[in-house]
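For reference, target_25.csv (CSV, C-alpha atoms):
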chain,number,residue,atom,x,y,z
A,1,MET,CA,-11.3,63.4,91.8
A,2,THR,CA,-8.0,65.2,91.6
A,3,LEU,CA,-7.1,68.7,90.5
A,4,LEU,CA,-4.5,68.9,87.8
A,5,PHE,CA,-2.6,72.0,86.6
A,6,VAL,CA,-1.5,71.9,83.0
A,7,ALA,CA,0.5,74.6,81.1
A,8,ASP,CA,1.4,72.6,78.0
A,9,THR,CA,-0.1,71.4,74.8
A,10,SER,CA,-3.0,69.6,76.7
A,11,GLN,CA,-4.6,73.0,77.3
A,12,THR,CA,-7.8,74.1,75.5
A,13,GLY,CA,-7.2,74.7,71.8
A,14,TYR,CA,-4.3,72.3,71.5
A,15,SER,CA,-4.4,68.8,70.0
A,16,ASN,CA,-3.7,67.0,73.2
A,17,ASN,CA,-6.7,68.5,75.0
A,18,PHE,CA,-8.8,65.5,74.0
A,19,ILE,CA,-7.0,63.6,76.8
A,20,PHE,CA,-9.3,65.2,79.3
A,21,GLY,CA,-12.5,63.9,77.7
A,22,GLU,CA,-15.3,64.7,80.0
A,23,SER,CA,-13.1,66.0,82.8
A,24,GLU,CA,-14.2,69.4,84.2
A,25,LEU,CA,-12.2,72.5,83.4
A,26,LYS,CA,-12.2,74.4,86.7
A,27,GLY,CA,-10.6,77.5,85.2
A,28,ASN,CA,-7.3,79.3,84.4
A,29,GLY,CA,-4.5,79.0,87.0
A,30,VAL,CA,-1.2,80.7,87.8
A,31,THR,CA,1.7,79.2,89.7
A,32,SER,CA,5.3,79.9,90.3
A,33,GLY,CA,7.7,78.1,88.0
A,34,LYS,CA,9.4,78.3,84.7
A,35,LEU,CA,8.0,77.1,81.4
A,36,VAL,CA,10.3,75.7,78.6
A,37,HIS,CA,9.8,74.4,75.1
A,38,SER,CA,11.6,72.4,72.4
A,39,ASP,CA,10.3,71.0,69.1
A,40,GLY,CA,6.6,71.8,70.0
A,41,THR,CA,6.8,70.2,73.4
A,42,VAL,CA,6.2,72.3,76.5
A,43,ARG,CA,7.4,71.5,80.0
A,44,LEU,CA,6.9,73.0,83.5
A,45,THR,CA,10.2,72.9,85.4
A,46,ASP,CA,11.0,72.9,89.1
A,47,ASP,CA,12.6,76.4,88.8
A,48,LYS,CA,10.3,78.7,90.8
A,49,THR,CA,11.7,82.0,89.6
A,50,GLY,CA,8.9,82.9,87.2
A,51,GLU,CA,5.1,82.8,86.8
A,52,VAL,CA,3.4,80.1,84.7
A,53,HIS,CA,-0.1,80.4,83.3
A,54,GLY,CA,-2.2,77.3,82.6
A,55,GLU,CA,-5.5,75.5,83.3
A,56,VAL,CA,-6.8,73.5,86.2
A,57,TYR,CA,-8.9,70.3,85.5
A,58,SER,CA,-10.8,68.0,87.9
A,59,ILE,CA,-9.9,64.5,86.7
A,60,THR,CA,-10.5,60.9,87.8
A,61,ASP,CA,-7.8,58.9,89.6
A,62,ASP,CA,-7.8,56.5,86.7
A,63,LEU,CA,-7.0,59.2,84.3
A,64,LEU,CA,-4.2,60.5,86.6
A,65,LYS,CA,-2.6,57.0,86.6
A,66,THR,CA,-2.8,57.0,82.8
A,67,LEU,CA,-1.2,60.4,82.6
A,68,ASP,CA,1.6,59.2,84.9
A,69,LYS,CA,2.3,56.5,82.3
A,70,MET,CA,2.2,58.9,79.5
A,71,GLU,CA,4.5,61.4,81.2
A,72,GLY,CA,6.9,58.7,82.1
A,73,VAL,CA,6.6,59.2,85.9
A,74,GLU,CA,6.9,55.4,86.6
A,75,GLN,CA,9.5,54.5,83.9
A,76,GLY,CA,12.2,57.0,84.7
A,77,GLU,CA,13.3,57.3,81.1
A,78,GLY,CA,13.9,60.5,79.2
A,79,PRO,CA,13.7,63.8,81.0
A,80,VAL,CA,13.1,63.2,84.7
A,81,VAL,CA,9.4,63.8,85.3
A,82,THR,CA,7.7,63.8,88.7
A,83,ARG,CA,4.2,64.6,89.8
A,84,ASN,CA,3.9,67.0,92.7
A,85,LYS,CA,1.2,68.9,94.5
A,86,ILE,CA,1.7,72.6,93.9
A,87,ASP,CA,0.1,75.9,94.9
A,88,VAL,CA,-2.1,77.3,92.1
A,89,LYS,CA,-4.1,80.5,92.1
A,90,LEU,CA,-7.4,79.6,90.4
A,91,VAL,CA,-8.2,82.8,88.5
A,92,SER,CA,-11.8,83.7,88.1
A,93,GLU,CA,-12.8,85.5,85.0
A,94,ILE,CA,-16.4,85.9,86.2
A,95,GLU,CA,-17.3,89.3,87.5
A,96,GLY,CA,-18.0,89.2,91.2
A,97,VAL,CA,-16.4,85.7,91.7
A,98,GLU,CA,-13.1,85.9,93.6
A,99,SER,CA,-10.0,84.0,92.6
A,100,LYS,CA,-8.9,81.3,95.1
A,101,ASN,CA,-5.8,79.4,96.0
A,102,VAL,CA,-5.9,75.6,95.5
A,103,LYS,CA,-3.5,72.6,95.7
A,104,ALA,CA,-3.2,70.8,92.4
A,105,GLU,CA,-1.1,68.0,91.0
A,106,ALA,CA,1.3,69.0,88.2
A,107,PHE,CA,3.9,67.2,86.1
A,108,ILE,CA,7.3,68.8,86.8
A,109,SER,CA,10.4,68.2,84.6
A,110,LYS,CA,13.9,68.2,86.0
A,111,ASP,CA,17.4,67.8,84.4
A,112,LEU,CA,16.4,69.1,81.0
A,113,SER,CA,19.2,69.6,78.5
A,114,THR,CA,20.2,73.0,77.2
A,115,GLU,CA,18.1,72.4,74.0
A,116,TRP,CA,15.0,73.6,75.9
A,117,GLU,CA,14.2,77.3,75.6
A,118,VAL,CA,12.6,79.3,78.4
A,119,ILE,CA,9.2,80.8,77.6
A,120,PRO,CA,9.6,84.2,79.4
A,121,SER,CA,5.9,85.0,79.5
A,122,GLY,CA,5.1,81.7,81.2
A,123,ARG,CA,2.3,81.1,78.6
A,124,ALA,CA,2.7,78.2,76.2
A,125,GLN,CA,0.6,80.1,73.6
A,126,ASP,CA,3.3,82.6,73.2
A,127,GLU,CA,5.8,80.1,71.8
A,128,VAL,CA,3.9,77.0,70.6
A,129,ALA,CA,0.8,77.4,68.5
A,130,PRO,CA,-2.0,74.8,68.7
A,131,ASP,CA,-0.7,73.1,65.6
A,132,GLY,CA,2.8,72.7,67.0
A,133,ASP,CA,4.3,75.5,65.0
A,134,THR,CA,6.2,78.3,66.8
A,135,PRO,CA,4.3,81.6,66.4
A,136,SER,CA,7.6,83.3,65.6
A,137,ASP,CA,8.5,81.3,62.5
A,138,GLY,CA,5.3,79.2,61.7
A,139,ASP,CA,7.5,76.6,60.0
A,140,ASN,CA,7.7,73.4,61.8
A,141,ASP,CA,6.8,70.6,59.4
A,142,SER,CA,8.8,67.9,61.1
A,143,ASP,CA,6.8,64.8,62.0
A,144,GLU,CA,7.2,64.4,65.8
A,145,SER,CA,7.2,60.6,65.7
A,146,GLU,CA,9.8,60.5,63.0
A,147,CYS,CA,11.9,62.9,65.0
A,148,TYR,CA,11.8,60.7,68.0
A,149,LYS,CA,12.7,57.6,65.9
A,150,GLU,CA,15.7,59.4,64.4
A,151,LYS,CA,17.0,60.4,67.8
A,152,GLY,CA,16.5,56.9,69.2
A,153,ASN,CA,14.4,58.3,72.0
A,154,THR,CA,12.7,55.6,74.1
A,155,HIS,CA,10.7,58.0,76.3
A,156,PRO,CA,7.2,56.7,76.8
A,157,GLN,CA,5.7,59.8,75.1
A,158,CYS,CA,7.4,58.6,71.8
A,159,GLU,CA,5.0,55.7,71.6
A,160,ILE,CA,2.0,57.8,72.6
A,161,THR,CA,1.9,60.2,69.6
A,162,GLY,CA,-1.6,61.5,68.8
A,163,VAL,CA,-5.0,60.2,69.6
A,164,SER,CA,-4.4,56.6,68.5
A,165,GLY,CA,-1.3,56.3,70.7
A,166,PHE,CA,-3.2,57.6,73.7
A,167,LEU,CA,-6.1,55.4,73.1
A,168,ASN,CA,-3.8,52.4,72.9
A,169,LEU,CA,-2.2,53.4,76.2
A,170,LEU,CA,-5.6,53.9,77.7
A,171,SER,CA,-6.8,50.5,76.6
A,172,GLU,CA,-3.9,48.9,78.5
A,173,SER,CA,-4.9,50.6,81.7
A,174,ASP,CA,-8.1,50.6,83.8
A,175,GLY,CA,-8.8,54.2,82.9
A,176,PRO,CA,-12.0,55.6,81.6
A,177,GLU,CA,-12.7,56.0,77.9
A,178,PRO,CA,-12.0,59.6,76.7
A,179,ALA,CA,-14.7,61.4,74.7
A,180,ALA,CA,-12.6,60.9,71.5
A,181,LYS,CA,-12.9,57.1,71.8
A,182,LYS,CA,-16.6,57.2,72.6
A,183,GLN,CA,-17.3,59.2,69.5
A,184,LYS,CA,-15.6,56.6,67.2
A,185,GLN,CA,-17.7,53.7,68.4

Written as structure tokens, that's how I'd like the structure from this file.
Amino acid sequence: MTLLFVADTSQTGYSNNFIFGESELKGNGVTSGKLVHSDGTVRLTDDKTGEVHGEVYSITDDLLKTLDKMEGVEQGEGPVVTRNKIDVKLVSEIEGVESKNVKAEAFISKDLSTEWEVIPSGRAQDEVAPDGDTPSDGDNDSDESECYKEKGNTHPQCEITGVSGFLNLLSESDGPEPAAKKQKQ
């Protein structure tokens, strides 16, 4: 099992959270970094000047390999994404239970274009609502997959839009079946 820190649209309440299936949510976490967003996508960057809030999951090594593919770690296309171990403060919200520092894997983006906007609070929820709309305008009706096609983007995420795309990727790997797939059978 591997600890993974996420601060993007795979957190609880977002559509991509199904990815974690039966993985165990260990709790909320805080790390140093900078969070950015563009068109409903949120990325953790390697800039350590801020504080980023997210969640820590305990996941299988097979799921981690699948997420590597999904994030484009192996392909090297699109934004440069690496997976690194980072320091995370696992924050306890239970009275009498202390917070503790852990090492967790995280997907870090580098070399992002200027189209990405910084999320000053370090919380995805402050800029990207669970449905992909930005809380400030609430008007984002663009179909993400169409947007990628129009831009000619060949990043691996473009072909992994939604549950069906992820399940297709998962079926190509040796990873476990997520809960969403188990429910459909």

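What separates atom CA of Leu112 of chain A from atom CA of Asp39 of chain A is a distance of 13.5 Å.
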
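Among the candidates A:Tyr57, A:Phe5, A:Phe107, A:Trp116, the residue lying nearest to Gly21 of chain A is A:Tyr57 (atoms considered: all atoms listed in the file).
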
Residue nearest Glu115 of chain A among A:Val36, A:Leu25, A:Leu3, A:Ile19 (counting only C-alpha atoms): A:Val36

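Going from atom CA of Leu64 of chain A to atom CA of Asn17 of chain A covers 14.3 Å.
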
Best match for closeness to Gly40 of chain A among A:Asp8, A:Glu55, A:Glu98, A:Glu105, counting all atoms listed in the file: A:Asp8

Exercise: Ser23 of chain A partners within 8 Å, only C-alpha atoms, chain neighbours under 3 positions left out, as a PyMOL selection string: chain A and resi 20+57-60

Counting only C-alpha atoms, the residue of A:Ser109, A:Ser92, A:Gln125, A:Asn101 that sits nearest Thr31 of chain A: A:Asn101

Given all atoms listed in the file as the counted atoms, nearest of A:Thr41, A:Asn84, A:Thr49, A:Asn28 to Thr12 of chain A: A:Asn28

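With only C-alpha atoms as the atoms that count, the minimum distance from Ser32 of chain A to the choices A:Ile119, A:Val56, A:Val6, A:Ile86 is reached by A:Ile86.
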
Pairwise distance for atom CA of Pro120 of chain A and atom CA of Ala106 of chain A, rounded to one decimal in Å: 19.4 Å

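The point (4.2, 61.2, 87.1) has these residues within 9 Å of it when all atoms listed in the file are used: A:Leu64, A:Lys65, A:Leu67, A:Asp68, A:Lys69, A:Met70, A:Glu71, A:Gly72, A:Val73, A:Glu74, A:Val81, A:Thr82, A:Arg83, A:Asn84, A:Ala106, A:Phe107, A:Ile108.
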